[in-house]
Number of protein chains: 2
Amino acid sequence: MSLNRKLRIAIDMDEVMADTIAKFITLYDERHQTKISLGDMHGKEFREILPPHLSNSLREYINERGFFRDLPVMPGCQDVVKALHEKYDVYIASSAMEFKYSLEDKLDWLNEHFPFISWTNIIFCGHKILDVDVMIDDRIKNFVTFKGRKLLFTSPHNLLINDFERVNTWDDVATKLLHE
Amino acid sequence: MSLNRKLRIAIDMDEVMADTIAKFITLYDERHQTKISLGDMHGKEFREILPPHLSNSLREYINERGFFRDLPVMPGCQDVVKALHEKYDVYIASSAMEFKYSLEDKLDWLNEHFPFISWTNIIFCGHKILDVDVMIDDRIKNFVTFKGRKLLFTSPHNLLINDFERVNTWDDVATKLLHE
């Protein structure tokens with residue numbers, strides 16, 4: 001960590017900035033008349049709680065062009081990321097490379113909802129091998145080789161994990177990174 | 001730098017893996033019957049040696065879908081990157097985010113010419129804030145906050161720069177990273 005520069009924060013997109021699960025729930029309701037409850041997801045991935053005959057469909061939907069373009073923004077995210085952006089060197093880092101058609105959608109989504117984030121500060125990758133000081137992510141796999149401060153953003157699939165500093169909401173992020 | 005893992009190498013795409021300048025030369029010959037010589041580029045950017053009435057066109061061409069899809073591969077690059085991939089943890093890192101339509105093209109190009117590189121090891125970004133040990137790049141701006149080993153890959157625009165360890169060709173990269 002250099003002391004000559006602002007601290008760098010890397011913020012994940014899916015299930016942190018963007019409510020991917022809300023989109024899944026809407027999609028399975030509309031296309032399959034299948035109601036999925038967030039309560040059923042405690043500690044599980046979304047695909048694990050789908051009826052068996054639908055479990056392979058999730059990957060197909062994620063691979064559709066447009067899937068990531070209209071995700072709802074997580075509550076409070078815009079205001080807090082804006083304030084973080086004024087205090088820190090904020091990067092958006094999404095493990096997007098697995099899904100080719102997500103790349104343009106995610107860039108358009110960021111430009112629509114977070115226009116103050118420059119293209120210079122957007123990273124689409126696989127492994128998050130980033131030289132940053134703080135990482136906000138819902139996936140602990142992204143923390144494995146990361147030596148900085150790790151903030152685990154609560155998502156149903158990670159509710160059973162107790163080994164990391166946790167933020168449940170964007171208000172929690174503000175408390176820890178703006179008000180402390 | 002951790003000693004528990006393979007060294008990580010980040011390799012740039014344009015003018016390092018992909019011969020972007022060769023594409024520019026072909027394009028201005030075909031569309032404008034304008035012959036550009038590599039010799040005129042010594043220490044200059046390509047746009048600087050275009051006739052004044054064409055200097056703004058370069059950015060338009062780069063923004064066209066498909067521009068980055070058919071770039072020639074730099075001589076020797078495939079074999080050396082394959083050998084590096086077997087010895088090191090190789091990442092491809094391109095400052096692609098400025099040009100939205102380059103993202104899918106660059107991913108398709110990598111999958112065609114470097115199919116052994118996993119999606120997990122591809123990074124499209126702006127600023128290259130990467131936690132890697134070696135960076136191979138033709139742009140010194142990417143070295144500014146990087147503390148690892150910097151290998152400046154020779155390109156006409158950087159010929160007047162003397163402050164970095166230089167590799168002129170992929171054979172030079174092999175000599176330094178495979179045979180030393």
# chains A, B, ... in the order shown; residues from 1 in each chain; ligands from 1

$ interface_residues --of "chain A" --to "chain B" --cutoff "7 Å" --atoms "only C-alpha atoms" --output "list of chain:residue names"
A:Met97, A:Glu98, A:Lys100, A:Leu103, A:Glu104, A:Trp119, A:Thr120, A:Asn121, A:Ile122, A:Ile123, A:Phe124, A:Cys125, A:Gly126, A:His127, A:Ile129, A:Leu130, A:Asp131

$ residues_around --residues "region 17-25 of chain B" --least-positions-apart "4" --cutoff "9 Å" --atoms "only C-alpha atoms" --output "list in words"
Ile11, Asp12, Met13, Asp29, Glu30, Thr34, Lys35, Ile36, Ser37, Leu38, Phe46, Leu58, Tyr61, Phe67, Phe68, Asp70, Leu71, Pro72, Val73, Met74, Pro75, Cys77, Gln78 and Trp170 of chain B

$ select_by_dssp --residues "chain A" --states "strand (DSSP E or B)" --output "ChimeraX atom specification"
/A:8-11,14,18,73,89-94,122-124,130,134-137,149-153,165-167

$ write_last_selection --atoms "N, CA, C and O atoms" --output "short mmCIF file (atom, residue, chain, number, x, y, z; two decimals), in the first residue's frame"
data_model
loop_
_atom_site.label_atom_id
_atom_site.label_comp_id
_atom_site.auth_asym_id
_atom_site.auth_seq_id
_atom_site.Cartn_x
_atom_site.Cartn_y
_atom_site.Cartn_z
N ARG A 8 -7.35 2.85 -2.84
CA ARG A 8 -8.12 2.29 -3.94
C ARG A 8 -9.13 1.27 -3.43
O ARG A 8 -8.78 0.37 -2.67
N ILE A 9 -10.37 1.41 -3.88
CA ILE A 9 -11.44 0.47 -3.52
C ILE A 9 -11.93 -0.22 -4.79
O ILE A 9 -12.25 0.47 -5.77
N ALA A 10 -12.00 -1.54 -4.77
CA ALA A 10 -12.59 -2.28 -5.90
C ALA A 10 -13.96 -2.78 -5.48
O ALA A 10 -14.11 -3.47 -4.46
N ILE A 11 -14.97 -2.42 -6.27
CA ILE A 11 -16.35 -2.78 -5.95
C ILE A 11 -16.89 -3.75 -7.00
O ILE A 11 -16.81 -3.48 -8.21
N ASP A 14 -22.26 -7.74 -9.62
CA ASP A 14 -23.42 -8.61 -9.38
C ASP A 14 -23.62 -8.92 -7.90
O ASP A 14 -22.70 -9.35 -7.22
N ALA A 18 -25.54 -4.45 -8.38
CA ALA A 18 -26.70 -4.82 -9.20
C ALA A 18 -27.44 -6.00 -8.58
O ALA A 18 -26.80 -6.96 -8.13
N VAL A 73 -30.67 -1.48 -9.60
CA VAL A 73 -29.54 -1.03 -8.78
C VAL A 73 -29.86 -1.35 -7.32
O VAL A 73 -30.99 -1.17 -6.87
N ASP A 89 -10.15 6.38 -4.52
CA ASP A 89 -9.97 6.03 -5.93
C ASP A 89 -10.81 4.76 -6.16
O ASP A 89 -10.38 3.66 -5.81
N VAL A 90 -12.01 4.94 -6.69
CA VAL A 90 -12.98 3.84 -6.78
C VAL A 90 -12.88 3.14 -8.13
O VAL A 90 -12.92 3.78 -9.19
N TYR A 91 -12.74 1.83 -8.08
CA TYR A 91 -12.76 0.99 -9.28
C TYR A 91 -13.95 0.04 -9.21
O TYR A 91 -14.30 -0.45 -8.13
N ILE A 92 -14.58 -0.19 -10.34
CA ILE A 92 -15.62 -1.21 -10.44
C ILE A 92 -14.97 -2.43 -11.07
O ILE A 92 -14.38 -2.33 -12.15
N ALA A 93 -15.07 -3.57 -10.40
CA ALA A 93 -14.37 -4.78 -10.87
C ALA A 93 -15.35 -5.94 -10.92
O ALA A 93 -15.79 -6.44 -9.88
N SER A 94 -15.67 -6.37 -12.13
CA SER A 94 -16.64 -7.45 -12.30
C SER A 94 -16.01 -8.65 -12.99
O SER A 94 -15.30 -8.51 -13.99
N ILE A 122 -12.94 1.06 -14.70
CA ILE A 122 -13.80 -0.12 -14.85
C ILE A 122 -12.93 -1.30 -15.27
O ILE A 122 -12.10 -1.17 -16.17
N ILE A 123 -13.11 -2.42 -14.60
CA ILE A 123 -12.30 -3.61 -14.86
C ILE A 123 -13.22 -4.81 -15.02
O ILE A 123 -13.99 -5.13 -14.12
N PHE A 124 -13.15 -5.45 -16.18
CA PHE A 124 -13.84 -6.72 -16.39
C PHE A 124 -12.78 -7.80 -16.44
O PHE A 124 -11.81 -7.69 -17.21
N LEU A 130 -6.05 -7.71 -8.25
CA LEU A 130 -6.01 -6.25 -8.32
C LEU A 130 -5.12 -5.67 -7.22
O LEU A 130 -5.12 -6.16 -6.08
N VAL A 134 -8.90 -1.95 -0.69
CA VAL A 134 -10.15 -2.45 -0.12
C VAL A 134 -10.92 -3.15 -1.24
O VAL A 134 -10.95 -2.65 -2.37
N MET A 135 -11.52 -4.28 -0.92
CA MET A 135 -12.35 -4.97 -1.91
C MET A 135 -13.72 -5.23 -1.29
O MET A 135 -13.82 -5.75 -0.18
N ILE A 136 -14.78 -4.83 -2.02
CA ILE A 136 -16.15 -5.09 -1.59
C ILE A 136 -16.73 -6.12 -2.54
O ILE A 136 -16.88 -5.84 -3.74
N ASP A 137 -17.05 -7.31 -2.03
CA ASP A 137 -17.42 -8.40 -2.92
C ASP A 137 -18.30 -9.38 -2.15
O ASP A 137 -18.20 -9.51 -0.94
N ARG A 149 -8.01 -4.97 2.76
CA ARG A 149 -9.22 -5.10 3.59
C ARG A 149 -10.36 -5.67 2.76
O ARG A 149 -10.69 -5.15 1.70
N LYS A 150 -10.95 -6.73 3.30
CA LYS A 150 -11.99 -7.45 2.57
C LYS A 150 -13.33 -7.17 3.23
O LYS A 150 -13.50 -7.43 4.42
N LEU A 151 -14.28 -6.64 2.47
CA LEU A 151 -15.64 -6.44 2.99
C LEU A 151 -16.57 -7.38 2.24
O LEU A 151 -16.79 -7.22 1.03
N LEU A 152 -17.09 -8.37 2.96
CA LEU A 152 -17.99 -9.34 2.34
C LEU A 152 -19.40 -8.76 2.30
O LEU A 152 -20.03 -8.54 3.33
N PHE A 153 -19.89 -8.48 1.10
CA PHE A 153 -21.22 -7.91 0.94
C PHE A 153 -22.25 -9.04 1.02
O PHE A 153 -22.20 -10.00 0.27
N GLU A 165 -15.06 -9.67 7.58
CA GLU A 165 -15.78 -8.44 7.93
C GLU A 165 -16.94 -8.32 6.93
O GLU A 165 -16.75 -8.43 5.72
N ARG A 166 -18.14 -8.09 7.46
CA ARG A 166 -19.32 -8.16 6.61
C ARG A 166 -20.01 -6.80 6.51
O ARG A 166 -20.05 -6.04 7.47
N VAL A 167 -20.55 -6.50 5.33
CA VAL A 167 -21.46 -5.37 5.16
C VAL A 167 -22.78 -5.92 4.61
O VAL A 167 -22.80 -6.63 3.62
#

$ residues_around --residues "Pro156 (chain A)" --least-positions-apart "4" --cutoff "6 Å" --atoms "only C-alpha atoms" --output "list of chain:residue names"
A:Met41, A:His42, A:Gly43

$ closest_residue --among "A:His157, A:Lys87, A:Lys6, A:Lys147" --to "Leu178 (chain A)" --atoms "only C-alpha atoms"
A:Lys87

$ residues_around --residues "Gln33 (chain B)" --least-positions-apart "5" --cutoff "12 Å" --atoms "only C-alpha atoms" --output "ChimeraX atom specification"
/B:25-28,51,54
